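**Q** Sharing data01.pdb, PDB, C-alpha atoms:
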```
ATOM      1  CA  MET A   1      20.138 -23.778   8.711  1.00  0.00           C
ATOM      2  CA  ALA A   2      23.181 -25.837   9.515  1.00  0.00           C
ATOM      3  CA  GLY A   3      26.446 -23.923   9.519  1.00  0.00           C
ATOM      4  CA  SER A   4      24.907 -20.458   9.779  1.00  0.00           C
ATOM      5  CA  GLU A   5      25.117 -20.144  13.566  1.00  0.00           C
ATOM      6  CA  THR A   6      27.517 -17.506  14.841  1.00  0.00           C
ATOM      7  CA  HIS A   7      29.230 -17.234  18.198  1.00  0.00           C
ATOM      8  CA  TYR A   8      30.595 -14.255  20.068  1.00  0.00           C
ATOM      9  CA  THR A   9      34.378 -14.124  20.251  1.00  0.00           C
ATOM     10  CA  LEU A  10      36.177 -12.090  22.881  1.00  0.00           C
ATOM     11  CA  PRO A  11      38.536  -9.431  21.545  1.00  0.00           C
ATOM     12  CA  ARG A  12      42.185 -10.514  21.518  1.00  0.00           C
ATOM     13  CA  PRO A  13      43.855  -9.462  24.799  1.00  0.00           C
ATOM     14  CA  ASP A  14      46.676  -6.915  24.864  1.00  0.00           C
ATOM     15  CA  PHE A  15      49.872  -7.570  26.779  1.00  0.00           C
ATOM     16  CA  ASP A  16      52.345  -5.072  28.236  1.00  0.00           C
ATOM     17  CA  ARG A  17      55.110  -7.652  27.843  1.00  0.00           C
ATOM     18  CA  PRO A  18      55.307 -10.623  25.464  1.00  0.00           C
ATOM     19  CA  VAL A  19      53.800 -13.977  26.315  1.00  0.00           C
ATOM     20  CA  LYS A  20      55.432 -17.351  25.798  1.00  0.00           C
ATOM     21  CA  LEU A  21      53.314 -20.443  25.275  1.00  0.00           C
ATOM     22  CA  LEU A  22      54.004 -24.131  24.988  1.00  0.00           C
ATOM     23  CA  ILE A  23      51.900 -25.983  22.426  1.00  0.00           C
ATOM     24  CA  VAL A  24      51.611 -29.687  23.240  1.00  0.00           C
ATOM     25  CA  VAL A  25      50.237 -31.683  20.327  1.00  0.00           C
ATOM     26  CA  ALA A  26      49.397 -35.338  19.844  1.00  0.00           C
ATOM     27  CA  PRO A  27      49.811 -35.874  16.074  1.00  0.00           C
ATOM     28  CA  TYR A  28      48.002 -39.220  15.927  1.00  0.00           C
ATOM     29  CA  TYR A  29      45.951 -37.811  13.038  1.00  0.00           C
ATOM     30  CA  LYS A  30      48.806 -35.781  11.531  1.00  0.00           C
ATOM     31  CA  ASP A  31      46.774 -33.804   8.984  1.00  0.00           C
ATOM     32  CA  ILE A  32      44.270 -32.748  11.654  1.00  0.00           C
ATOM     33  CA  ALA A  33      47.069 -31.875  14.098  1.00  0.00           C
ATOM     34  CA  ASP A  34      48.810 -29.758  11.455  1.00  0.00           C
ATOM     35  CA  GLN A  35      45.648 -27.699  10.914  1.00  0.00           C
ATOM     36  CA  LEU A  36      45.180 -27.235  14.669  1.00  0.00           C
ATOM     37  CA  LEU A  37      48.828 -26.170  14.970  1.00  0.00           C
ATOM     38  CA  ALA A  38      48.512 -23.637  12.156  1.00  0.00           C
ATOM     39  CA  GLY A  39      45.553 -21.998  13.872  1.00  0.00           C
ATOM     40  CA  ALA A  40      47.197 -21.951  17.306  1.00  0.00           C
ATOM     41  CA  ARG A  41      50.474 -20.540  16.040  1.00  0.00           C
ATOM     42  CA  ALA A  42      48.731 -17.822  14.028  1.00  0.00           C
ATOM     43  CA  GLU A  43      46.679 -16.711  17.056  1.00  0.00           C
ATOM     44  CA  ILE A  44      49.688 -16.590  19.386  1.00  0.00           C
ATOM     45  CA  GLU A  45      51.745 -14.642  16.854  1.00  0.00           C
ATOM     46  CA  ALA A  46      48.861 -12.220  16.226  1.00  0.00           C
ATOM     47  CA  ALA A  47      48.927 -11.445  19.964  1.00  0.00           C
ATOM     48  CA  GLY A  48      52.680 -10.752  19.757  1.00  0.00           C
ATOM     49  CA  GLY A  49      53.563 -13.938  21.613  1.00  0.00           C
ATOM     50  CA  SER A  50      56.113 -16.645  21.052  1.00  0.00           C
ATOM     51  CA  HIS A  51      55.637 -20.376  21.181  1.00  0.00           C
ATOM     52  CA  GLN A  52      57.404 -23.685  21.331  1.00  0.00           C
ATOM     53  CA  THR A  53      55.844 -26.948  20.153  1.00  0.00           C
ATOM     54  CA  VAL A  54      56.366 -30.450  21.517  1.00  0.00           C
ATOM     55  CA  GLU A  55      54.767 -33.685  20.356  1.00  0.00           C
ATOM     56  CA  VAL A  56      53.486 -36.489  22.574  1.00  0.00           C
ATOM     57  CA  PRO A  57      52.229 -39.945  21.547  1.00  0.00           C
ATOM     58  CA  GLY A  58      48.537 -39.378  22.283  1.00  0.00           C
ATOM     59  CA  ALA A  59      45.905 -37.229  23.943  1.00  0.00           C
ATOM     60  CA  LEU A  60      46.356 -38.971  27.302  1.00  0.00           C
ATOM     61  CA  GLU A  61      49.969 -37.763  27.465  1.00  0.00           C
ATOM     62  CA  ILE A  62      49.118 -34.102  26.853  1.00  0.00           C
ATOM     63  CA  PRO A  63      48.200 -33.255  30.477  1.00  0.00           C
ATOM     64  CA  THR A  64      51.329 -34.998  31.763  1.00  0.00           C
ATOM     65  CA  ALA A  65      53.574 -33.036  29.393  1.00  0.00           C
ATOM     66  CA  ILE A  66      51.904 -29.768  30.406  1.00  0.00           C
ATOM     67  CA  GLY A  67      52.219 -30.675  34.086  1.00  0.00           C
ATOM     68  CA  ILE A  68      55.941 -31.371  33.673  1.00  0.00           C
ATOM     69  CA  ALA A  69      56.443 -28.103  31.791  1.00  0.00           C
ATOM     70  CA  GLY A  70      54.461 -26.229  34.432  1.00  0.00           C
ATOM     71  CA  ARG A  71      56.838 -27.449  37.127  1.00  0.00           C
ATOM     72  CA  MET A  72      60.089 -27.205  35.193  1.00  0.00           C
ATOM     73  CA  SER A  73      59.819 -24.311  32.726  1.00  0.00           C
ATOM     74  CA  ASP A  74      58.873 -20.656  32.428  1.00  0.00           C
ATOM     75  CA  PHE A  75      55.937 -20.680  30.023  1.00  0.00           C
ATOM     76  CA  ASP A  76      53.069 -18.259  30.611  1.00  0.00           C
ATOM     77  CA  GLY A  77      50.498 -20.653  29.212  1.00  0.00           C
ATOM     78  CA  TYR A  78      49.816 -23.863  27.355  1.00  0.00           C
ATOM     79  CA  VAL A  79      47.812 -25.028  24.353  1.00  0.00           C
ATOM     80  CA  ALA A  80      46.672 -28.654  24.223  1.00  0.00           C
ATOM     81  CA  LEU A  81      46.016 -29.953  20.699  1.00  0.00           C
ATOM     82  CA  GLY A  82      44.949 -33.337  19.437  1.00  0.00           C
ATOM     83  CA  CYS A  83      42.065 -35.310  18.053  1.00  0.00           C
ATOM     84  CA  VAL A  84      40.132 -38.285  19.352  1.00  0.00           C
ATOM     85  CA  ILE A  85      37.735 -39.928  16.895  1.00  0.00           C
ATOM     86  CA  ARG A  86      35.160 -42.396  18.222  1.00  0.00           C
ATOM     87  CA  GLY A  87      35.997 -45.994  17.431  1.00  0.00           C
ATOM     88  CA  GLU A  88      34.374 -49.326  18.171  1.00  0.00           C
ATOM     89  CA  THR A  89      35.417 -49.594  21.826  1.00  0.00           C
ATOM     90  CA  THR A  90      35.013 -47.628  25.041  1.00  0.00           C
ATOM     91  CA  HIS A  91      38.619 -46.432  24.761  1.00  0.00           C
ATOM     92  CA  TYR A  92      37.202 -43.237  23.200  1.00  0.00           C
ATOM     93  CA  GLU A  93      35.411 -42.304  26.432  1.00  0.00           C
ATOM     94  CA  THR A  94      38.499 -42.995  28.510  1.00  0.00           C
ATOM     95  CA  VAL A  95      40.756 -40.853  26.348  1.00  0.00           C
ATOM     96  CA  CYS A  96      38.238 -37.997  26.061  1.00  0.00           C
ATOM     97  CA  ASN A  97      37.324 -37.905  29.727  1.00  0.00           C
ATOM     98  CA  ASP A  98      40.770 -38.444  31.214  1.00  0.00           C
ATOM     99  CA  SER A  99      42.616 -35.983  28.973  1.00  0.00           C
ATOM    100  CA  SER A 100      39.992 -33.321  29.664  1.00  0.00           C
ATOM    101  CA  ARG A 101      39.982 -34.056  33.398  1.00  0.00           C
ATOM    102  CA  GLY A 102      43.790 -33.860  33.523  1.00  0.00           C
ATOM    103  CA  LEU A 103      43.808 -30.472  31.814  1.00  0.00           C
ATOM    104  CA  THR A 104      41.042 -29.186  34.079  1.00  0.00           C
ATOM    105  CA  LEU A 105      42.930 -30.235  37.216  1.00  0.00           C
ATOM    106  CA  LEU A 106      46.088 -28.479  35.966  1.00  0.00           C
ATOM    107  CA  GLY A 107      44.037 -25.378  35.239  1.00  0.00           C
ATOM    108  CA  LEU A 108      42.583 -25.413  38.725  1.00  0.00           C
ATOM    109  CA  GLN A 109      46.167 -25.466  40.031  1.00  0.00           C
ATOM    110  CA  GLY A 110      46.781 -22.185  38.227  1.00  0.00           C
ATOM    111  CA  LEU A 111      48.127 -23.137  34.801  1.00  0.00           C
ATOM    112  CA  CYS A 112      46.682 -21.157  31.889  1.00  0.00           C
ATOM    113  CA  ILE A 113      45.584 -23.828  29.405  1.00  0.00           C
ATOM    114  CA  GLY A 114      43.572 -23.709  26.209  1.00  0.00           C
ATOM    115  CA  ASN A 115      42.051 -27.100  25.421  1.00  0.00           C
ATOM    116  CA  GLY A 116      42.045 -27.838  21.705  1.00  0.00           C
ATOM    117  CA  ILE A 117      41.698 -31.607  21.895  1.00  0.00           C
ATOM    118  CA  LEU A 118      38.922 -32.431  19.454  1.00  0.00           C
ATOM    119  CA  THR A 119      36.531 -35.181  20.529  1.00  0.00           C
ATOM    120  CA  VAL A 120      34.458 -36.132  17.508  1.00  0.00           C
ATOM    121  CA  GLU A 121      32.365 -38.896  16.017  1.00  0.00           C
ATOM    122  CA  ASN A 122      34.096 -39.060  12.635  1.00  0.00           C
ATOM    123  CA  ARG A 123      36.875 -37.671  10.455  1.00  0.00           C
ATOM    124  CA  GLN A 124      34.577 -35.193   8.705  1.00  0.00           C
ATOM    125  CA  GLN A 125      33.752 -33.530  12.036  1.00  0.00           C
ATOM    126  CA  ALA A 126      37.449 -33.394  12.888  1.00  0.00           C
ATOM    127  CA  GLU A 127      38.374 -31.801   9.570  1.00  0.00           C
ATOM    128  CA  ALA A 128      35.651 -29.152   9.869  1.00  0.00           C
ATOM    129  CA  ARG A 129      36.732 -28.203  13.389  1.00  0.00           C
ATOM    130  CA  ALA A 130      40.475 -28.273  12.751  1.00  0.00           C
ATOM    131  CA  GLU A 131      40.608 -26.316   9.508  1.00  0.00           C
ATOM    132  CA  HIS A 132      42.430 -23.021  10.054  1.00  0.00           C
ATOM    133  CA  ALA A 133      40.127 -21.291   7.547  1.00  0.00           C
ATOM    134  CA  GLY A 134      37.079 -23.025   9.069  1.00  0.00           C
ATOM    135  CA  GLN A 135      36.118 -23.448  12.728  1.00  0.00           C
ATOM    136  CA  ASN A 136      39.794 -23.042  13.704  1.00  0.00           C
ATOM    137  CA  LYS A 137      39.617 -24.829  17.044  1.00  0.00           C
ATOM    138  CA  GLY A 138      43.422 -24.640  17.315  1.00  0.00           C
ATOM    139  CA  GLY A 139      43.213 -20.854  17.156  1.00  0.00           C
ATOM    140  CA  GLY A 140      40.364 -20.927  19.652  1.00  0.00           C
ATOM    141  CA  ALA A 141      42.415 -22.977  22.109  1.00  0.00           C
ATOM    142  CA  ALA A 142      45.312 -20.530  21.805  1.00  0.00           C
ATOM    143  CA  ALA A 143      42.924 -17.612  22.298  1.00  0.00           C
ATOM    144  CA  ALA A 144      41.577 -19.258  25.466  1.00  0.00           C
ATOM    145  CA  ALA A 145      45.103 -19.654  26.854  1.00  0.00           C
ATOM    146  CA  LEU A 146      45.903 -16.020  25.990  1.00  0.00           C
ATOM    147  CA  HIS A 147      42.780 -14.789  27.801  1.00  0.00           C
ATOM    148  CA  LEU A 148      43.676 -16.813  30.898  1.00  0.00           C
ATOM    149  CA  ILE A 149      47.223 -15.422  30.820  1.00  0.00           C
ATOM    150  CA  ALA A 150      45.771 -11.894  30.639  1.00  0.00           C
ATOM    151  CA  LEU A 151      43.581 -12.627  33.678  1.00  0.00           C
ATOM    152  CA  ALA A 152      46.484 -14.130  35.612  1.00  0.00           C
ATOM    153  CA  ARG A 153      48.623 -11.093  34.885  1.00  0.00           C
ATOM    154  CA  HIS A 154      45.802  -8.742  35.831  1.00  0.00           C
ATOM    155  CA  TRP A 155      45.072 -10.464  39.122  1.00  0.00           C
ATOM    156  CA  GLY A 156      48.717 -11.154  39.829  1.00  0.00           C
ATOM    157  CA  ALA A 157      49.734  -7.503  39.493  1.00  0.00           C
ATOM    158  CA  GLN A 158      51.123  -5.736  42.504  1.00  0.00           C
ATOM    159  CA  ARG A 159      48.350  -4.367  44.659  1.00  0.00           C
ATOM    160  CA  LYS A 160      48.393  -0.854  46.023  1.00  0.00           C
ATOM    161  CA  GLY A 161      46.568   0.456  49.057  1.00  0.00           C
ATOM    162  CA  VAL A 162      45.543  -2.931  50.396  1.00  0.00           C
ATOM    163  CA  GLY A 163      46.163  -3.818  54.019  1.00  0.00           C
ATOM    164  CA  PHE A 164      47.723  -1.794  56.815  1.00  0.00           C
ATOM    165  CA  VAL A 165      49.848   1.153  55.779  1.00  0.00           C
ATOM    166  CA  PRO A 166      51.550   2.939  58.684  1.00  0.00           C
ATOM    167  CA  GLY A 167      50.975   6.690  58.994  1.00  0.00           C
ATOM    168  CA  ASP A 168      53.699   9.289  58.787  1.00  0.00           C
ATOM    169  CA  ALA A 169      55.951   8.723  61.820  1.00  0.00           C
ATOM    170  CA  SER A 170      57.462  12.235  61.847  1.00  0.00           C
TER     171      SER A 170
END
```
Starting from the file, lay out its structure as structure tokens.
**A**
Amino acid sequence: MAGSETHYTLPRPDFDRPVKLLIVVAPYYKDIADQLLAGARAEIEAAGGSHQTVEVPGALEIPTAIGIAGRMSDFDGYVALGCVIRGETTHYETVCNDSSRGLTLLGLQGLCIGNGILTVENRQQAEARAEHAGQNKGGGAAAAALHLIALARHWGAQRKGVGFVPGDAS
């Protein structure tokens, strides 16, 4: 039964103070990118967050833009959006692998990133995954970034009772 499979979705995280995300989108396939953006924006706004969107030429530039923003801005997290459709050459593998690897490396450095770069075989797969009312992979990428922000805030909170605490000196 194709299309009847369901997946568990984590509940939307709550925040004690608003979150601010940067959405970096490669609009090479503009209609697909617009659907991904709609889903991402809706998810961020539903969590009470704000967002800014920037466009880059292609999926390979998304990690670089996020890396620059991570060093030079004050965003809590990032959403990477784009679409790579397999063509006739090996360029597809390069773009898919290198954009994903770049985002992973930035994440391992501590940036909270949701990866919504679609890597598909054809336009029909892209449309099904991008559609806000469908699989909503843009919303899923934003949700992933929001969950990572929640974890970072949880683990980054001030710790109490850890380490040496001097006794009363009176």
**Q** Between A:Lys20, A:His7, A:His147, A:Lys30, which residue has the minimum interatomic distance to A:Ala130, considering all atoms listed in the file?
**A** A:Lys30
**Q** Applied to this file, what does the PyMOL selection byres ((chain A and resi 83) around 9) return in terms of residues, put as a compact mmCIF listing (two decimals) with C-alpha atoms, in the frame of the given file?
**A**
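Contents of selection.txt, freshly written:
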```
# COMPACT_ATOMS: atom_id res chain seq x y z
CA ALA A 26 49.40 -35.34 19.84
CA PRO A 27 49.81 -35.87 16.07
CA TYR A 28 48.00 -39.22 15.93
CA TYR A 29 45.95 -37.81 13.04
CA ILE A 32 44.27 -32.75 11.65
CA ALA A 33 47.07 -31.88 14.10
CA GLY A 58 48.54 -39.38 22.28
CA ALA A 59 45.90 -37.23 23.94
CA LEU A 81 46.02 -29.95 20.70
CA GLY A 82 44.95 -33.34 19.44
CA VAL A 84 40.13 -38.28 19.35
CA ILE A 85 37.74 -39.93 16.90
CA GLY A 116 42.04 -27.84 21.70
CA ILE A 117 41.70 -31.61 21.90
CA LEU A 118 38.92 -32.43 19.45
CA THR A 119 36.53 -35.18 20.53
CA VAL A 120 34.46 -36.13 17.51
CA ALA A 126 37.45 -33.39 12.89
CA ALA A 130 40.48 -28.27 12.75
```
**Q** Could you give me, as a PyMOL selection string, the residues within 9 Å of A:Gly67, counting all atoms listed in the file and dropping anything in the same chain fewer than 3 positions from it?
**A** chain A and resi 62-64+70-72+103+106+111
**Q** Please determine, counting only C-alpha atoms, which residue among A:Leu60, A:Ala80, A:Cys96, A:Leu37 has the shortest atom-to-atom distance to A:Ala145.
**A**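 Comparing A:Leu60, A:Ala80, A:Cys96, A:Leu37 against A:Ala145, the winner is A:Ala80.
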**Q** Using the chain letters and numbers from this file, what does the PyMOL selection byres ((chain A and resi 143) around 12) select? Give the answer as a VMD selection string.
**A** chain A and resid 9 to 14 21 39 to 47 49 77 to 80 112 to 116 136 to 142 144 to 150
**Q** Can those selected residues be exported to a file as an mmCIF file, in the frame of the given file so that it contains C-alpha atoms?
**A**
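After the write, out-v4.cif holds the following:
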```
data_model
loop_
_atom_site.group_PDB
_atom_site.id
_atom_site.type_symbol
_atom_site.label_atom_id
_atom_site.label_comp_id
_atom_site.auth_asym_id
_atom_site.auth_seq_id
_atom_site.Cartn_x
_atom_site.Cartn_y
_atom_site.Cartn_z
ATOM 1 C CA THR A 9 34.378 -14.124 20.251
ATOM 2 C CA LEU A 10 36.177 -12.090 22.881
ATOM 3 C CA PRO A 11 38.536 -9.431 21.545
ATOM 4 C CA ARG A 12 42.185 -10.514 21.518
ATOM 5 C CA PRO A 13 43.855 -9.462 24.799
ATOM 6 C CA ASP A 14 46.676 -6.915 24.864
ATOM 7 C CA LEU A 21 53.314 -20.443 25.275
ATOM 8 C CA GLY A 39 45.553 -21.998 13.872
ATOM 9 C CA ALA A 40 47.197 -21.951 17.306
ATOM 10 C CA ARG A 41 50.474 -20.540 16.040
ATOM 11 C CA ALA A 42 48.731 -17.822 14.028
ATOM 12 C CA GLU A 43 46.679 -16.711 17.056
ATOM 13 C CA ILE A 44 49.688 -16.590 19.386
ATOM 14 C CA GLU A 45 51.745 -14.642 16.854
ATOM 15 C CA ALA A 46 48.861 -12.220 16.226
ATOM 16 C CA ALA A 47 48.927 -11.445 19.964
ATOM 17 C CA GLY A 49 53.563 -13.938 21.613
ATOM 18 C CA GLY A 77 50.498 -20.653 29.212
ATOM 19 C CA TYR A 78 49.816 -23.863 27.355
ATOM 20 C CA VAL A 79 47.812 -25.028 24.353
ATOM 21 C CA ALA A 80 46.672 -28.654 24.223
ATOM 22 C CA CYS A 112 46.682 -21.157 31.889
ATOM 23 C CA ILE A 113 45.584 -23.828 29.405
ATOM 24 C CA GLY A 114 43.572 -23.709 26.209
ATOM 25 C CA ASN A 115 42.051 -27.100 25.421
ATOM 26 C CA GLY A 116 42.045 -27.838 21.705
ATOM 27 C CA ASN A 136 39.794 -23.042 13.704
ATOM 28 C CA LYS A 137 39.617 -24.829 17.044
ATOM 29 C CA GLY A 138 43.422 -24.640 17.315
ATOM 30 C CA GLY A 139 43.213 -20.854 17.156
ATOM 31 C CA GLY A 140 40.364 -20.927 19.652
ATOM 32 C CA ALA A 141 42.415 -22.977 22.109
ATOM 33 C CA ALA A 142 45.312 -20.530 21.805
ATOM 34 C CA ALA A 144 41.577 -19.258 25.466
ATOM 35 C CA ALA A 145 45.103 -19.654 26.854
ATOM 36 C CA LEU A 146 45.903 -16.020 25.990
ATOM 37 C CA HIS A 147 42.780 -14.789 27.801
ATOM 38 C CA LEU A 148 43.676 -16.813 30.898
ATOM 39 C CA ILE A 149 47.223 -15.422 30.820
ATOM 40 C CA ALA A 150 45.771 -11.894 30.639
#
```
**Q** Give me, please, the distance in Å between atom CA of A:Val54 and atom CA of A:Leu22, quoted to one decimal.
**A**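 Computed distance, atom CA of A:Val54 to atom CA of A:Leu22, equals 7.6 Å.
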**Q** Please report the interatomic distance between atom CA of A:Gln35 and atom CA of A:Glu131 in Å with one decimal.
**A** 5.4 Å
**Q** Tell me, in Å to one decimal, how far atom CA of A:Thr6 is from atom CA of A:Leu108.
**A** 29.3 Å
**Q** Considering all atoms listed in the file, can you say which of A:Ser99, A:Glu93, A:Arg129, A:Asn122 comes closest to A:Glu61?
**A**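 Of the candidates, the smallest distance to A:Glu61 is held by A:Ser99.
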